[in-house]
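Heads up, coords.cif below (mmCIF, C-alpha atoms):
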```cif
data_protein
#
loop_
_atom_site.label_atom_id
_atom_site.label_comp_id
_atom_site.auth_asym_id
_atom_site.auth_seq_id
_atom_site.Cartn_x
_atom_site.Cartn_y
_atom_site.Cartn_z
CA MET A 1 44.82 109.53 -27.36
CA THR A 2 46.87 106.97 -29.26
CA GLN A 3 48.21 107.12 -32.78
CA GLU A 4 48.54 103.82 -34.60
CA ILE A 5 52.12 102.92 -35.51
CA ASN A 6 52.39 100.65 -38.56
CA THR A 7 55.29 98.53 -37.42
CA LYS A 8 55.49 95.43 -35.28
CA SER A 9 57.72 95.99 -32.27
CA ILE A 10 57.56 96.58 -28.55
CA TRP A 11 57.29 100.26 -29.46
CA GLU A 12 53.64 99.72 -30.40
CA GLU A 13 52.93 99.73 -26.67
CA GLN A 14 55.39 102.43 -25.69
CA VAL A 15 54.35 105.07 -28.25
CA VAL A 16 51.16 106.59 -26.83
CA TYR A 17 50.96 109.75 -28.94
CA GLU A 18 52.75 111.09 -32.01
CA ASP A 19 52.37 113.90 -34.54
CA ASN A 20 54.77 115.79 -36.80
CA HIS A 21 56.18 117.72 -33.85
CA ILE A 22 56.43 115.40 -30.82
CA ILE A 23 56.38 111.79 -29.76
CA ILE A 24 55.27 110.70 -26.28
CA ILE A 25 56.74 107.48 -24.90
CA ASN A 26 55.55 105.36 -21.96
CA LYS A 27 58.98 104.85 -20.39
CA LEU A 28 59.94 101.60 -18.71
CA PRO A 29 61.46 102.00 -15.24
CA SER A 30 64.83 100.60 -16.30
CA GLU A 31 65.33 103.23 -19.01
CA ILE A 32 67.26 106.49 -18.74
CA VAL A 33 65.84 109.44 -20.66
CA GLN A 34 69.17 111.02 -21.54
CA GLY A 35 72.74 109.70 -21.62
CA ASP A 36 74.67 109.65 -18.34
CA LYS A 37 77.89 108.31 -16.84
CA THR A 38 76.60 104.71 -16.97
CA GLY A 39 77.04 104.68 -20.74
CA ASP A 40 73.71 102.85 -21.16
CA LEU A 41 71.76 103.58 -24.34
CA PRO A 42 69.28 106.33 -23.41
CA LEU A 43 65.64 106.44 -24.40
CA SER A 44 66.31 109.49 -26.59
CA GLU A 45 68.65 107.40 -28.77
CA LYS A 46 66.22 104.47 -28.83
CA VAL A 47 63.52 106.81 -30.12
CA LYS A 48 65.85 108.11 -32.84
CA ASN A 49 66.66 104.56 -33.93
CA PHE A 50 62.98 103.58 -33.90
CA ILE A 51 61.91 106.53 -36.08
CA LYS A 52 64.84 106.08 -38.45
CA GLU A 53 64.02 102.40 -39.00
CA ARG A 54 60.24 102.82 -39.16
CA ASP A 55 60.29 105.76 -41.56
CA LEU A 56 63.32 104.55 -43.56
CA LYS A 57 65.10 107.85 -43.00
CA PRO A 58 68.55 107.98 -44.65
CA GLY A 59 69.90 110.88 -42.58
CA ASN A 60 69.99 111.88 -38.93
CA VAL A 61 66.80 111.93 -36.88
CA PHE A 62 66.12 114.80 -34.47
CA CYS A 63 64.95 113.85 -30.98
CA GLY A 64 65.09 116.64 -28.42
CA VAL A 65 64.83 115.94 -24.70
CA ILE A 66 62.21 118.25 -23.18
CA HIS A 67 61.98 116.82 -19.65
CA ARG A 68 63.16 113.79 -17.70
CA LEU A 69 62.05 111.08 -15.29
CA ASP A 70 64.32 109.40 -12.77
CA ARG A 71 65.57 106.00 -13.93
CA PRO A 72 63.52 103.92 -11.42
CA VAL A 73 60.36 105.89 -12.33
CA SER A 74 58.15 104.88 -15.26
CA GLY A 75 55.70 106.79 -17.39
CA LEU A 76 55.05 109.43 -20.01
CA VAL A 77 57.95 111.39 -21.49
CA ILE A 78 57.65 113.95 -24.31
CA PHE A 79 60.36 114.16 -26.99
CA ALA A 80 60.55 116.84 -29.67
CA LYS A 81 60.86 115.75 -33.30
CA THR A 82 61.93 119.22 -34.50
CA SER A 83 63.99 122.07 -33.05
CA LYS A 84 60.93 124.32 -33.26
CA ALA A 85 58.92 121.91 -31.13
CA LEU A 86 61.78 121.63 -28.63
CA SER A 87 61.87 125.40 -28.17
CA ARG A 88 58.08 125.74 -27.86
CA PHE A 89 57.70 122.86 -25.38
CA ASN A 90 60.64 124.04 -23.29
CA GLU A 91 58.73 127.29 -22.92
CA LEU A 92 55.59 125.43 -21.78
CA PHE A 93 57.60 123.70 -19.05
CA ARG A 94 59.22 126.98 -17.98
CA GLU A 95 55.79 128.59 -17.76
CA LYS A 96 54.45 125.54 -15.82
CA THR A 97 51.44 125.23 -18.14
CA ILE A 98 51.78 121.48 -18.63
CA GLY A 99 49.65 119.40 -16.26
CA LYS A 100 51.41 116.34 -14.84
CA THR A 101 49.58 113.56 -12.97
CA TYR A 102 51.35 110.63 -11.34
CA LEU A 103 50.27 107.34 -9.81
CA THR A 104 52.15 105.93 -6.86
CA VAL A 105 51.80 103.01 -4.45
CA VAL A 106 52.61 103.42 -0.76
CA LYS A 107 52.58 101.02 2.17
CA ASN A 108 51.20 103.39 4.81
CA LYS A 109 47.78 104.94 4.34
CA PRO A 110 47.97 108.76 4.48
CA ALA A 111 46.14 110.48 7.31
CA LYS A 112 43.78 112.28 4.94
CA GLN A 113 41.83 111.08 1.90
CA SER A 114 43.24 114.02 -0.04
CA ASP A 115 45.49 116.93 0.80
CA LYS A 116 47.80 119.63 -0.53
CA LEU A 117 51.42 119.16 0.55
CA ILE A 118 53.69 122.19 0.79
CA HIS A 119 57.30 121.69 1.79
CA TYR A 120 60.66 123.34 1.31
CA ILE A 121 63.07 120.96 -0.38
CA LEU A 122 66.81 120.99 0.06
CA LYS A 123 68.92 118.90 -2.31
CA ASN A 124 72.03 117.07 -1.12
CA GLU A 125 74.38 116.95 -4.10
CA LYS A 126 76.73 114.39 -2.55
CA SER A 127 74.06 111.77 -1.86
CA ASN A 128 71.76 112.80 -4.75
CA THR A 129 68.82 112.98 -2.37
CA SER A 130 66.46 115.70 -1.21
CA LYS A 131 64.87 116.42 2.14
CA ALA A 132 61.50 118.07 2.70
CA PHE A 133 61.16 120.64 5.48
CA ASN A 134 57.94 122.12 6.85
CA LYS A 135 59.51 125.59 6.99
CA GLU A 136 61.88 127.37 4.66
CA VAL A 137 65.56 126.70 5.27
CA SER A 138 68.66 128.14 3.64
CA HIS A 139 68.85 127.31 -0.11
CA SER A 140 65.58 125.34 -0.04
CA LEU A 141 62.93 125.54 -2.76
CA ARG A 142 59.18 125.60 -2.26
CA ALA A 143 57.49 122.36 -3.41
CA GLU A 144 53.77 121.81 -3.84
CA LEU A 145 51.60 118.85 -4.84
CA ASP A 146 48.08 117.52 -4.32
CA TYR A 147 47.40 113.88 -3.57
CA GLU A 148 44.23 111.79 -3.51
CA LEU A 149 43.79 108.26 -2.18
CA ILE A 150 42.29 106.31 -5.09
CA ALA A 151 42.19 102.67 -3.96
CA SER A 152 43.54 100.27 -1.37
CA SER A 153 44.46 96.60 -1.22
CA ASP A 154 45.16 94.57 1.92
CA ASN A 155 48.74 95.84 1.98
CA TYR A 156 49.10 98.91 -0.22
CA HIS A 157 47.44 102.17 -1.21
CA LEU A 158 47.22 103.84 -4.62
CA LEU A 159 47.60 107.62 -4.69
CA LYS A 160 47.04 110.07 -7.53
CA ILE A 161 49.47 112.98 -7.49
CA ASN A 162 49.01 116.33 -9.23
CA LEU A 163 52.41 117.98 -9.35
CA HIS A 164 52.57 121.78 -9.21
CA THR A 165 56.33 122.28 -8.98
CA GLY A 166 59.18 120.23 -10.40
CA ARG A 167 61.76 119.86 -7.64
CA HIS A 168 64.43 117.18 -7.36
CA HIS A 169 62.84 113.90 -6.17
CA GLN A 170 59.84 115.98 -5.08
CA ILE A 171 57.12 113.35 -4.90
CA ARG A 172 59.47 110.84 -3.33
CA CYS A 173 60.66 113.06 -0.50
CA GLN A 174 57.33 114.81 0.16
CA LEU A 175 55.49 111.51 0.60
CA ALA A 176 58.31 110.23 2.80
CA ALA A 177 57.93 113.38 4.91
CA ILE A 178 54.32 112.46 5.77
CA GLY A 179 55.26 108.85 6.57
CA CYS A 180 54.25 107.36 3.21
CA PRO A 181 57.43 106.33 1.37
CA ILE A 182 56.86 104.89 -2.11
CA LYS A 183 56.96 101.12 -2.47
CA GLY A 184 60.50 100.03 -3.37
CA ASP A 185 62.05 103.43 -2.69
CA VAL A 186 64.67 102.51 -0.07
CA LYS A 187 66.42 105.84 -0.66
CA TYR A 188 63.42 107.54 0.96
CA GLY A 189 62.54 105.12 3.71
CA PHE A 190 60.81 102.07 2.23
CA ASN A 191 62.04 98.90 3.92
CA ARG A 192 63.01 96.87 0.84
CA THR A 193 63.68 97.19 -2.86
CA ASN A 194 61.51 95.91 -5.69
CA VAL A 195 62.90 93.22 -7.95
CA GLY A 196 64.73 95.07 -10.70
CA GLY A 197 65.22 98.19 -8.61
CA PHE A 198 62.19 100.15 -9.86
CA ILE A 199 59.90 102.13 -7.58
CA HIS A 200 56.10 102.34 -7.74
CA LEU A 201 55.94 105.85 -9.17
CA HIS A 202 54.51 106.40 -12.64
CA SER A 203 53.91 109.48 -14.79
CA TYR A 204 50.34 108.63 -15.81
CA ARG A 205 48.84 111.67 -17.50
CA ILE A 206 50.00 114.80 -19.33
CA ASP A 207 47.72 117.72 -20.26
CA PHE A 208 48.81 120.63 -22.43
CA LYS A 209 47.80 123.05 -25.15
CA HIS A 210 49.87 122.08 -28.18
CA PRO A 211 52.00 125.19 -28.86
CA ILE A 212 52.13 124.57 -32.61
CA LYS A 213 48.78 122.91 -33.41
CA GLN A 214 46.94 124.97 -30.76
CA GLU A 215 44.91 121.94 -29.69
CA ASP A 216 44.17 120.75 -26.15
CA ILE A 217 45.94 117.41 -25.70
CA THR A 218 45.47 114.83 -22.95
CA VAL A 219 47.57 111.66 -22.98
CA THR A 220 47.41 108.81 -20.47
CA GLY A 221 49.36 105.60 -20.08
CA PHE A 222 49.30 102.96 -17.35
CA PRO A 223 52.56 101.20 -16.35
CA LEU A 224 53.76 98.64 -18.92
CA SER A 225 54.62 96.14 -16.23
CA ASN A 226 53.88 92.59 -15.16
CA ASP A 227 54.17 93.69 -11.54
CA SER A 228 51.33 92.19 -9.51
CA VAL A 229 50.71 95.34 -7.46
CA TRP A 230 50.32 97.56 -10.54
CA LYS A 231 48.07 94.94 -12.11
CA PHE A 232 45.85 94.85 -9.01
CA PHE A 233 45.28 98.61 -9.21
CA GLN A 234 44.95 98.77 -13.00
CA ASP A 235 41.16 98.57 -12.89
CA SER A 236 40.82 101.20 -10.16
CA LYS A 237 38.89 104.31 -11.02
CA ILE A 238 41.50 107.00 -11.68
#
```

Final structure tokens representation of the file:
Amino acid sequence: MTQEINTKSIWEEQVVYEDNHIIIINKLPSEIVQGDKTGDLPLSEKVKNFIKERDLKPGNVFCGVIHRLDRPVSGLVIFAKTSKALSRFNELFREKTIGKTYLTVVKNKPAKQSDKLIHYILKNEKSNTSKAFNKEVSHSLRAELDYELIASSDNYHLLKINLHTGRHHQIRCQLAAIGCPIKGDVKYGFNRTNVGGFIHLHSYRIDFKHPIKQEDITVTGFPLSNDSVWKFFQDSKI
């Protein structure tokens, strides 16, 4: 579902859905969703500037951050255009009624064609990493996802991930725990970085019932990347 944006800019590709309440952006892996200690311009501010310029708005533009993706991860991010939408969508995320599907590329083929992974994740604040345990440990949080092997090349494998909980670095550490670290993710066991520091993890699809319009919405967006591995898998049946 894509709404046409009547302006010529790179945002024509990045805006994949928009209405009066929200705007959904296909984030590039180099972008941060919200401001941090780096001082880099966050995606939330870029969206504000884009709307202000496109719509010739004289005053401030509202852009509420509903959820986040790690900087090296690409894909769909929802921003609220009104405070009402921010409140309603925050509630959807709290109630876990938003479906989130990811694509990821791994070097090692998983043992099963598809499986449900359940781990207990413990975050290390000092290193900003998480570790997945098979049994509950002190202060750990239950993490659950489903994966399916979609396609393979000579060297890599494309997995589709349905995320059921939203733990810190969940997909990254759960796949590492079964011996399938994500391509480029040296923090979780891959042997080398990708050029530019991104990892092959992409938020591909979001499903939700619009809390204001009361419509069922499904939005998809493939990585906006010239990366040869993503391009190889682009025509795979997802």

Next on the checklist: With the PyMOL selection byres ((chain A and resi 230) around 12) as the selection, what would be picked from this file? Answer as a ChimeraX atom specification, please.
Outcome noted: /A:74,103-106,151-153,156-159,183,199-202,222-229,231-236

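Those residues positioned at most 9 Å from (54.3, 118.1, -10.4) are A:Gly99, A:Lys100, A:Thr101, A:Tyr102, A:Ala143, A:Glu144, A:Leu145, A:Asp146, A:Ile161, A:Asn162, A:Leu163, A:His164, A:Thr165, A:Gly166, A:Arg167, A:Gln170, A:Ile171, judged using all atoms listed in the file.
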
Next on the checklist: Once the PyMOL selection byres ((chain A and resi 176) around 10) has been evaluated on this model, what residues remain selected, and can you format them as an MDAnalysis selection string?
Outcome noted: chainID A and resid 106 131:132 170:175 177:182 185 187:190

Next, dump the selected residues to file, keeping only C-alpha atoms, as a PDB file, in the frame of the given file.
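Wrote it out as part.pdb, contents follow:
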```
ATOM      1  CA  VAL A 106      52.610 103.420  -0.760  1.00  0.00           C
ATOM      2  CA  LYS A 131      64.870 116.420   2.140  1.00  0.00           C
ATOM      3  CA  ALA A 132      61.500 118.070   2.700  1.00  0.00           C
ATOM      4  CA  GLN A 170      59.840 115.980  -5.080  1.00  0.00           C
ATOM      5  CA  ILE A 171      57.120 113.350  -4.900  1.00  0.00           C
ATOM      6  CA  ARG A 172      59.470 110.840  -3.330  1.00  0.00           C
ATOM      7  CA  CYS A 173      60.660 113.060  -0.500  1.00  0.00           C
ATOM      8  CA  GLN A 174      57.330 114.810   0.160  1.00  0.00           C
ATOM      9  CA  LEU A 175      55.490 111.510   0.600  1.00  0.00           C
ATOM     10  CA  ALA A 177      57.930 113.380   4.910  1.00  0.00           C
ATOM     11  CA  ILE A 178      54.320 112.460   5.770  1.00  0.00           C
ATOM     12  CA  GLY A 179      55.260 108.850   6.570  1.00  0.00           C
ATOM     13  CA  CYS A 180      54.250 107.360   3.210  1.00  0.00           C
ATOM     14  CA  PRO A 181      57.430 106.330   1.370  1.00  0.00           C
ATOM     15  CA  ILE A 182      56.860 104.890  -2.110  1.00  0.00           C
ATOM     16  CA  ASP A 185      62.050 103.430  -2.690  1.00  0.00           C
ATOM     17  CA  LYS A 187      66.420 105.840  -0.660  1.00  0.00           C
ATOM     18  CA  TYR A 188      63.420 107.540   0.960  1.00  0.00           C
ATOM     19  CA  GLY A 189      62.540 105.120   3.710  1.00  0.00           C
ATOM     20  CA  PHE A 190      60.810 102.070   2.230  1.00  0.00           C
TER      21      PHE A 190
END
```

Item to check | Using all atoms listed in the file: which of A:Asp36, A:Glu13, A:Glu215, A:Asp19 has the shortest distance to Asp70 of chain A | outcome: A:Asp36

Checklist outcome for this item: From atom CA of Ser83 of chain A to atom CA of Asn49 of chain A the spacing works out at 17.7 Å

Hits from the PyMOL selection byres ((chain A and resi 136) around 6), listed as an mmCIF file with C-alpha atoms, keeping the file's coordinate frame:
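The resulting file, expr_26.cif, is reproduced below:
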```
data_model
loop_
_atom_site.group_PDB
_atom_site.id
_atom_site.type_symbol
_atom_site.label_atom_id
_atom_site.label_comp_id
_atom_site.auth_asym_id
_atom_site.auth_seq_id
_atom_site.Cartn_x
_atom_site.Cartn_y
_atom_site.Cartn_z
ATOM 1 C CA TYR A 120 60.660 123.340 1.310
ATOM 2 C CA LYS A 135 59.510 125.590 6.990
ATOM 3 C CA VAL A 137 65.560 126.700 5.270
#
```
